Structures are given as C-alpha cells and as structure tokens.
>>> print(open('model_4.pdb').read())   # PDB, C-alpha atoms
ATOM      1  CA  MET A 278    -162.242  -8.424 -16.698
ATOM      2  CA  LYS A 279    -160.755 -11.431 -14.950
ATOM      3  CA  ASN A 280    -159.281 -12.752 -18.205
ATOM      4  CA  LYS A 281    -157.761  -9.355 -18.946
ATOM      5  CA  GLY A 282    -156.096  -9.398 -15.528
ATOM      6  CA  CYS A 283    -154.621 -12.812 -16.166
ATOM      7  CA  LEU A 284    -153.455 -11.698 -19.593
ATOM      8  CA  GLY A 285    -151.822  -8.638 -18.080
ATOM      9  CA  ALA A 286    -150.045 -10.715 -15.424
ATOM     10  CA  GLY A 287    -148.877 -13.172 -18.088
ATOM     11  CA  THR A 288    -147.542 -10.356 -20.251
ATOM     12  CA  ILE A 289    -145.644  -8.882 -17.302
ATOM     13  CA  GLY A 290    -144.256 -12.313 -16.488
ATOM     14  CA  ILE A 291    -143.053 -12.818 -20.050
ATOM     15  CA  ALA A 292    -141.523  -9.336 -20.103
ATOM     16  CA  LEU A 293    -139.688 -10.057 -16.851
ATOM     17  CA  LEU A 294    -138.385 -13.346 -18.230
ATOM     18  CA  ILE A 295    -137.119 -11.549 -21.344
ATOM     19  CA  ILE A 296    -135.387  -8.910 -19.202
ATOM     20  CA  VAL A 297    -133.793 -11.578 -17.004
ATOM     21  CA  ALA A 298    -132.645 -13.507 -20.077
ATOM     22  CA  VAL A 299    -131.159 -10.370 -21.651
ATOM     23  CA  LEU A 300    -129.361  -9.503 -18.409
ATOM     24  CA  PHE A 301    -128.092 -13.055 -18.057
ATOM     25  CA  PHE A 302    -126.653 -13.252 -21.572
ATOM     26  CA  TRP A 303    -125.210  -9.726 -21.317
ATOM     27  CA  GLY A 304    -123.678 -10.551 -17.939
ATOM     28  CA  ARG A 305    -122.226 -13.826 -19.143
ATOM     29  CA  SER A 306    -120.789 -12.234 -22.269
ATOM     30  CA  GLY A 307    -119.354  -9.304 -20.323
ATOM     31  CA  TYR A 308    -117.879 -11.525 -17.609
ATOM     32  CA  ASN A 309    -116.250 -13.843 -20.134
ATOM     33  CA  SER A 310    -114.847 -10.837 -21.987
ATOM     34  CA  PHE A 311    -113.339  -9.478 -18.745
ATOM     35  CA  VAL A 312    -111.778 -12.857 -17.996
ATOM     36  CA  ASP A 313    -110.296 -13.091 -21.493
ATOM     37  CA  LYS A 314    -108.849  -9.565 -21.374
ATOM     38  CA  GLU A 315    -107.483 -10.076 -17.861
ATOM     39  CA  GLN A 316    -105.773 -13.297 -18.928
ATOM     40  CA  THR A 317    -104.190 -11.386 -21.811
ATOM     41  CA  VAL A 318    -102.866  -8.782 -19.373
ATOM     42  CA  ASN A 319    -101.447 -11.519 -17.143
ATOM     43  CA  ALA A 320     -99.778 -13.203 -20.119
ATOM     44  CA  LYS A 321     -98.227  -9.922 -21.266
ATOM     45  CA  TRP A 322     -96.927  -9.258 -17.761
ATOM     46  CA  SER A 323     -95.396 -12.729 -17.736
ATOM     47  CA  ASN A 324     -93.572 -11.808 -20.956
ATOM     48  CA  VAL A 325     -92.274  -8.628 -19.304
ATOM     49  CA  GLU A 326     -90.931 -10.636 -16.371
ATOM     50  CA  THR A 327     -89.383 -13.162 -18.752
ATOM     51  CA  VAL A 328     -87.320 -10.611 -20.675
ATOM     52  CA  TYR A 329     -86.151  -8.975 -17.448
ATOM     53  CA  GLN A 330     -85.166 -12.412 -16.159
ATOM     54  CA  LYS A 331     -83.209 -13.044 -19.359
ATOM     55  CA  ARG A 332     -81.294  -9.852 -18.696
ATOM     56  CA  ALA A 333     -80.589 -10.936 -15.125
ATOM     57  CA  ASN A 334     -79.383 -14.305 -16.423
ATOM     58  CA  LEU A 335     -76.658 -12.545 -18.414
ATOM     59  CA  ILE A 336     -75.020 -11.161 -15.270
ATOM     60  CA  PRO A 337     -73.211 -14.330 -14.047
ATOM     61  CA  ASN A 338     -71.409 -14.674 -17.416
ATOM     62  CA  LEU A 339     -70.597 -10.976 -17.376
ATOM     63  CA  GLU A 340     -69.275 -11.301 -13.846
ATOM     64  CA  ARG A 341     -66.986 -14.206 -14.790
ATOM     65  CA  THR A 342     -65.691 -12.337 -17.845
ATOM     66  CA  VAL A 343     -64.985  -9.126 -15.944
ATOM     67  CA  LYS A 344     -63.391 -10.941 -12.993
ATOM     68  CA  SER A 345     -60.792 -12.388 -15.334
ATOM     69  CA  TYR A 346     -59.379  -8.878 -15.648
ATOM     70  CA  SER A 347     -57.823  -8.497 -12.213
ATOM     71  CA  LYS A 348     -57.357  -4.722 -12.421
ATOM     72  CA  PHE A 349     -61.024  -4.066 -13.136
ATOM     73  CA  GLU A 350     -62.856  -1.927 -10.565
ATOM     74  CA  GLN A 351     -64.389  -4.469  -8.199
ATOM     75  CA  GLU A 352     -66.804  -1.974  -6.639
ATOM     76  CA  THR A 353     -68.556  -1.368  -9.969
ATOM     77  CA  LEU A 354     -69.007  -5.088 -10.557
ATOM     78  CA  THR A 355     -70.248  -5.592  -6.980
ATOM     79  CA  GLN A 356     -72.930  -2.963  -7.553
ATOM     80  CA  VAL A 357     -74.188  -4.871 -10.596
ATOM     81  CA  VAL A 358     -74.299  -8.188  -8.720
ATOM     82  CA  GLU A 359     -76.132  -6.637  -5.757
ATOM     83  CA  ALA A 360     -78.602  -4.842  -8.016
ATOM     84  CA  ARG A 361     -79.284  -8.117  -9.862
ATOM     85  CA  SER A 362     -79.991  -9.868  -6.558
ATOM     86  CA  LYS A 363     -82.454  -7.167  -5.544
ATOM     87  CA  ALA A 364     -84.180  -7.096  -8.933
ATOM     88  CA  THR A 365     -84.671 -10.867  -9.077
ATOM     89  CA  SER A 366     -86.033 -11.010  -5.525
ATOM     90  CA  ILE A 367     -89.185  -9.070  -6.400
ATOM     91  CA  ASN A 368     -92.133 -11.241  -7.392
ATOM     92  CA  ILE A 369     -95.451  -9.767  -8.480
ATOM     93  CA  ASP A 370     -98.809 -11.527  -8.684
ATOM     94  CA  PRO A 371    -100.317 -10.162 -11.926
ATOM     95  CA  THR A 372    -103.837 -11.070 -10.792
ATOM     96  CA  ASN A 373    -103.635  -8.654  -7.884
ATOM     97  CA  MET A 374    -100.881  -6.153  -8.645
ATOM     98  CA  THR A 375    -101.005  -2.487  -7.750
ATOM     99  CA  GLU A 376     -99.256   0.662  -8.911
ATOM    100  CA  ALA A 377     -97.000   0.328  -5.860
ATOM    101  CA  ASP A 378     -96.015  -3.202  -6.955
ATOM    102  CA  ILE A 379     -95.029  -2.080 -10.436
ATOM    103  CA  ALA A 380     -93.225   0.991  -9.050
ATOM    104  CA  LYS A 381     -91.187  -1.256  -6.748
ATOM    105  CA  PHE A 382     -90.421  -3.646  -9.607
ATOM    106  CA  GLN A 383     -89.387  -0.813 -11.917
ATOM    107  CA  ALA A 384     -87.238   0.842  -9.260
ATOM    108  CA  ALA A 385     -85.264  -2.376  -8.737
ATOM    109  CA  GLN A 386     -84.895  -2.954 -12.477
ATOM    110  CA  GLY A 387     -83.873   0.674 -12.931
ATOM    111  CA  GLU A 388     -81.191   0.235 -10.291
ATOM    112  CA  LEU A 389     -79.815  -2.732 -12.209
ATOM    113  CA  SER A 390     -79.932  -0.758 -15.470
ATOM    114  CA  GLY A 391     -77.964   2.039 -13.843
ATOM    115  CA  ALA A 392     -75.373  -0.340 -12.406
ATOM    116  CA  LEU A 393     -74.929  -2.026 -15.790
ATOM    117  CA  SER A 394     -74.562   1.340 -17.523
ATOM    118  CA  ARG A 395     -71.845   2.382 -15.068
ATOM    119  CA  LEU A 396     -70.020  -0.913 -15.520
ATOM    120  CA  MET A 397     -70.118  -0.668 -19.295
ATOM    121  CA  ALA A 398     -68.838   2.911 -19.141
ATOM    122  CA  VAL A 399     -65.880   1.703 -17.061
ATOM    123  CA  VAL A 400     -65.188  -1.117 -19.552
ATOM    124  CA  GLU A 401     -64.431   1.567 -22.146
ATOM    125  CA  SER A 402     -61.171   2.138 -20.260
ATOM    126  CA  TYR A 403     -60.177  -1.524 -20.665
ATOM    127  CA  PRO A 404     -59.491  -2.187 -24.376
ATOM    128  CA  ASN A 405     -58.623  -5.853 -23.834
ATOM    129  CA  LEU A 406     -61.829  -6.504 -21.916
ATOM    130  CA  LYS A 407     -63.844  -4.541 -24.445
ATOM    131  CA  ALA A 408     -62.429  -6.764 -27.202
ATOM    132  CA  ASP A 409     -62.988 -10.007 -25.258
ATOM    133  CA  GLN A 410     -65.276 -12.325 -27.232
ATOM    134  CA  GLN A 411     -67.367 -13.193 -24.192
ATOM    135  CA  TYR A 412     -67.923  -9.516 -23.486
ATOM    136  CA  ILE A 413     -68.819  -8.915 -27.136
ATOM    137  CA  ASN A 414     -71.371 -11.742 -26.870
ATOM    138  CA  PHE A 415     -72.777 -10.109 -23.749
ATOM    139  CA  GLN A 416     -73.090  -6.790 -25.614
ATOM    140  CA  ARG A 417     -75.029  -8.427 -28.416
ATOM    141  CA  GLU A 418     -77.425 -10.276 -26.121
ATOM    142  CA  TYR A 419     -77.867  -7.303 -23.810
ATOM    143  CA  THR A 420     -78.843  -4.983 -26.664
ATOM    144  CA  ALA A 421     -81.362  -7.510 -28.012
ATOM    145  CA  ILE A 422     -82.889  -8.021 -24.560
ATOM    146  CA  GLU A 423     -83.159  -4.270 -23.883
ATOM    147  CA  ASN A 424     -85.077  -3.906 -27.128
ATOM    148  CA  SER A 425     -87.309  -6.834 -26.134
ATOM    149  CA  ILE A 426     -87.981  -5.196 -22.765
ATOM    150  CA  ARG A 427     -89.219  -2.057 -24.492
ATOM    151  CA  THR A 428     -91.418  -4.091 -26.830
ATOM    152  CA  GLU A 429     -92.945  -6.296 -24.130
ATOM    153  CA  THR A 430     -93.719  -3.393 -21.789
ATOM    154  CA  VAL A 431     -95.564  -1.646 -24.631
ATOM    155  CA  TYR A 432     -97.539  -4.836 -25.315
ATOM    156  CA  TYR A 433     -98.377  -5.110 -21.629
ATOM    157  CA  ASN A 434     -99.591  -1.514 -21.456
ATOM    158  CA  ASP A 435    -101.718  -2.006 -24.572
ATOM    159  CA  ALA A 436    -103.370  -5.060 -23.026
ATOM    160  CA  ALA A 437    -103.895  -3.243 -19.712
ATOM    161  CA  LYS A 438    -105.468  -0.296 -21.521
ATOM    162  CA  ASP A 439    -107.852  -2.582 -23.423
ATOM    163  CA  TYR A 440    -108.847  -4.356 -20.206
ATOM    164  CA  ASN A 441    -109.191  -1.152 -18.159
ATOM    165  CA  THR A 442    -111.297   0.527 -20.836
ATOM    166  CA  SER A 443    -113.539  -2.523 -20.984
ATOM    167  CA  ILE A 444    -114.255  -2.636 -17.242
ATOM    168  CA  LYS A 445    -114.659   1.137 -16.846
ATOM    169  CA  THR A 446    -117.043   1.742 -19.765
ATOM    170  CA  PHE A 447    -120.751   1.977 -18.917
ATOM    171  CA  PRO A 448    -122.598  -0.326 -18.396
ATOM    172  CA  ASN A 449    -119.676  -2.763 -18.111
ATOM    173  CA  ASN A 450    -118.423  -0.890 -15.045
ATOM    174  CA  ILE A 451    -121.513  -2.014 -13.117
ATOM    175  CA  LEU A 452    -120.810  -5.662 -13.912
ATOM    176  CA  ALA A 453    -117.082  -5.225 -13.233
ATOM    177  CA  ASN A 454    -117.732  -3.724  -9.798
ATOM    178  CA  PHE A 455    -120.241  -6.438  -8.984
ATOM    179  CA  THR A 456    -117.843  -9.214 -10.045
ATOM    180  CA  ASN A 457    -114.754  -7.556  -8.488
ATOM    181  CA  PHE A 458    -112.704  -6.957 -11.635
ATOM    182  CA  LYS A 459    -110.165  -4.254 -10.770
ATOM    183  CA  GLU A 460    -108.144  -1.848 -12.886
ATOM    184  CA  LYS A 461    -104.617  -2.926 -13.863
ATOM    185  CA  PRO A 462    -101.689  -0.539 -13.318
ATOM    186  CA  TYR A 463     -99.542   0.623 -16.200
ATOM    187  CA  PHE A 464     -95.840   0.116 -16.690
ATOM    188  CA  LYS A 465     -94.402   3.634 -16.756
ATOM    189  CA  ALA A 466     -91.544   4.346 -19.128
ATOM    190  CA  ASP A 467     -88.314   5.623 -17.669
ATOM    191  CA  ALA A 468     -86.860   8.812 -19.080
ATOM    192  CA  GLY A 469     -85.304   7.979 -22.439
ATOM    193  CA  ALA A 470     -86.746   4.463 -22.423
ATOM    194  CA  GLN A 471     -88.093   4.956 -25.934
ATOM    195  CA  LYS A 472     -84.517   4.982 -27.256
ATOM    196  CA  ALA A 473     -82.540   1.865 -28.073
ATOM    197  CA  PRO A 474     -79.340   1.306 -26.066
ATOM    198  CA  GLU A 475     -76.468   3.419 -27.335
ATOM    199  CA  VAL A 476     -73.692   2.077 -25.124
ATOM    200  CA  PHE A 477     -72.183  -0.152 -27.803
ATOM    201  CA  LYS A 478     -71.617   2.282 -30.617
TER     202      LYS A 478
END
>>> encode(input="model_4.pdb", output="structure tokens")
Amino acid sequence: MKNKGCLGAGTIGIALLIIVAVLFFWGRSGYNSFVDKEQTVNAKWSNVETVYQKRANLIPNLERTVKSYSKFEQETLTQVVEARSKATSINIDPTNMTEADIAKFQAAQGELSGALSRLMAVVESYPNLKADQQYINFQREYTAIENSIRTETVYYNDAAKDYNTSIKTFPNNILANFTNFKEKPYFKADAGAQKAPEVFK
C-alpha cells in the first residue's frame, strides 16, 4: 500500500510538471507573439506619421510659391500655415495610444486637409500661379503623398486588427490581461477618404 501511495504521489508530481511545462511554453509563445504583433502595429503607425510629416513638409515650399503672387488671398494661406503648425505639434506614443489620441491626431490632420483644399480651390482663380512650375511640382508630390496616406492607414489598421484579434481570442485574452497587453485603436477613415484626390484634374 505504501509503495502505491508513493507511486501515486510521483504520478501526480509528473503530471503537475507536465502541466507547468505546457503552460510555460504556451505562455512564452503567446507573449512573444503579442510582442511581435505589437511591434508591427507600432511600425505601421510610424509609417502613418511619416507620410503625414511628408505632407506637412510640402507646406513651406507651397507658402513661398504662393507668396510670390502678391494678390493671392493671404487669409487662405494663413489658415494652411496655422493648420500645419497644429497638426505637427501633436505627438502620439504608439505603445500607449488611445482612441482619443488618434481622434485628436485625425482632427488636426483633417483641419490641414480642409485648409489645403480651400487654398487649392482659390488657386484655380489664378492661372499664372496654377501654371507655376513650383506649384505643379507641389501638386504632383501632394497627390502621391495623399495616396500614400490612404495606403499606410490601411496597413496600420490591418496590423491593429491582427494584434487586437490575437489578444482578445480565448485563451490568449487571459495571458494578455495578465501581461497588460491592451487593445490598439483604429484609424477611422474620413468621409470620402477611399477616393484619390481629385483637385488636380
């Protein structure tokens, strides 16, 4: 009887070791997967910020070009410059961003988009400015960057969806909660954002 008791205790001990080992390897694999997916999200967000920064970097050249036409509406240009300043002042930490952070970022970028659209509509009334080579160069770069913005935001959302699904799926959600991996917010498309810019037809 005594030997059977020892055998039973040994069997339980082995079973516990197997369970602990399984949990350890599952936990390590899951944790590493979360880290990898989160790093992908962060990298995609960095790409989003980069293309928006490229757009902002176009504004000084645009400003110089437009200012050379003395009769151009100064108020419209001022709105673009002010909107650029506001948009570039917002910095987001991708490791800890919230829906409110992205909403604030998008609102500022949307304000700049609106100001640029108004300026380019006004340019239509200035044939010489519209035909200026520097302005034509701006048009070309702006259109390419707007398309890149759409592409990079889609890539970001895809990465966020993959990460969010991973940490919310059972039993991964248990590990994610225990290790403090939090859901990433999505970049929400503006109305008509799926269309390419049409201002330079």
>>> resolve_selection(input="model_4.pdb", expression="the PyMOL selection byres ((chain A and resi 307) around 12)", output="PyMOL selection string")
chain A and resi 299-306+308-314+440+443-453+455-456+458
>>> resolve_selection(input="model_4.pdb", expression="the PyMOL selection byres ((chain A and resi 403) around 12)", output="PyMOL selection string")
chain A and resi 343+346-350+396-402+404-409+412
>>> atom_distance(input="model_4.pdb", atom1="CA of Thr420 (chain A)", atom2="CA of Lys438 (chain A)")
27.5 Å
>>> resolve_selection(input="model_4.pdb", expression="the PyMOL selection byres ((chain A and resi 332-339) around 10)", output="ChimeraX atom specification")
/A:326-331,340-344,354,357-358,360-362,364-365,386,389-390,393,411-412,414-416,418-423,426
>>> write_last_selection(input="model_4.pdb", atoms="C-alpha atoms", output="mmCIF file, in the frame of the given file")
data_model
loop_
_atom_site.group_PDB
_atom_site.id
_atom_site.type_symbol
_atom_site.label_atom_id
_atom_site.label_comp_id
_atom_site.auth_asym_id
_atom_site.auth_seq_id
_atom_site.Cartn_x
_atom_site.Cartn_y
_atom_site.Cartn_z
ATOM 1 C CA GLU A 326 -90.931 -10.636 -16.371
ATOM 2 C CA THR A 327 -89.383 -13.162 -18.752
ATOM 3 C CA VAL A 328 -87.320 -10.611 -20.675
ATOM 4 C CA TYR A 329 -86.151 -8.975 -17.448
ATOM 5 C CA GLN A 330 -85.166 -12.412 -16.159
ATOM 6 C CA LYS A 331 -83.209 -13.044 -19.359
ATOM 7 C CA GLU A 340 -69.275 -11.301 -13.846
ATOM 8 C CA ARG A 341 -66.986 -14.206 -14.790
ATOM 9 C CA THR A 342 -65.691 -12.337 -17.845
ATOM 10 C CA VAL A 343 -64.985 -9.126 -15.944
ATOM 11 C CA LYS A 344 -63.391 -10.941 -12.993
ATOM 12 C CA LEU A 354 -69.007 -5.088 -10.557
ATOM 13 C CA VAL A 357 -74.188 -4.871 -10.596
ATOM 14 C CA VAL A 358 -74.299 -8.188 -8.720
ATOM 15 C CA ALA A 360 -78.602 -4.842 -8.016
ATOM 16 C CA ARG A 361 -79.284 -8.117 -9.862
ATOM 17 C CA SER A 362 -79.991 -9.868 -6.558
ATOM 18 C CA ALA A 364 -84.180 -7.096 -8.933
ATOM 19 C CA THR A 365 -84.671 -10.867 -9.077
ATOM 20 C CA GLN A 386 -84.895 -2.954 -12.477
ATOM 21 C CA LEU A 389 -79.815 -2.732 -12.209
ATOM 22 C CA SER A 390 -79.932 -0.758 -15.470
ATOM 23 C CA LEU A 393 -74.929 -2.026 -15.790
ATOM 24 C CA GLN A 411 -67.367 -13.193 -24.192
ATOM 25 C CA TYR A 412 -67.923 -9.516 -23.486
ATOM 26 C CA ASN A 414 -71.371 -11.742 -26.870
ATOM 27 C CA PHE A 415 -72.777 -10.109 -23.749
ATOM 28 C CA GLN A 416 -73.090 -6.790 -25.614
ATOM 29 C CA GLU A 418 -77.425 -10.276 -26.121
ATOM 30 C CA TYR A 419 -77.867 -7.303 -23.810
ATOM 31 C CA THR A 420 -78.843 -4.983 -26.664
ATOM 32 C CA ALA A 421 -81.362 -7.510 -28.012
ATOM 33 C CA ILE A 422 -82.889 -8.021 -24.560
ATOM 34 C CA GLU A 423 -83.159 -4.270 -23.883
ATOM 35 C CA ILE A 426 -87.981 -5.196 -22.765
#
>>> closest_residue(input="model_4.pdb", among="A:Leu293, A:Ala392, A:Val325, A:Ile367", to="Glu429 (chain A)", atoms="all atoms listed in the file")
A:Val325
>>> atom_distance(input="model_4.pdb", atom1="CA of Tyr432 (chain A)", atom2="CA of Asn324 (chain A)")
9.1 Å
>>> atom_distance(input="model_4.pdb", atom1="CA of Ala384 (chain A)", atom2="CA of Phe464 (chain A)")
11.4 Å
>>> closest_residue(input="model_4.pdb", among="A:Gly290, A:Thr430, A:Gln316, A:Tyr463", to="Ile379 (chain A)", atoms="all atoms listed in the file")
A:Tyr463
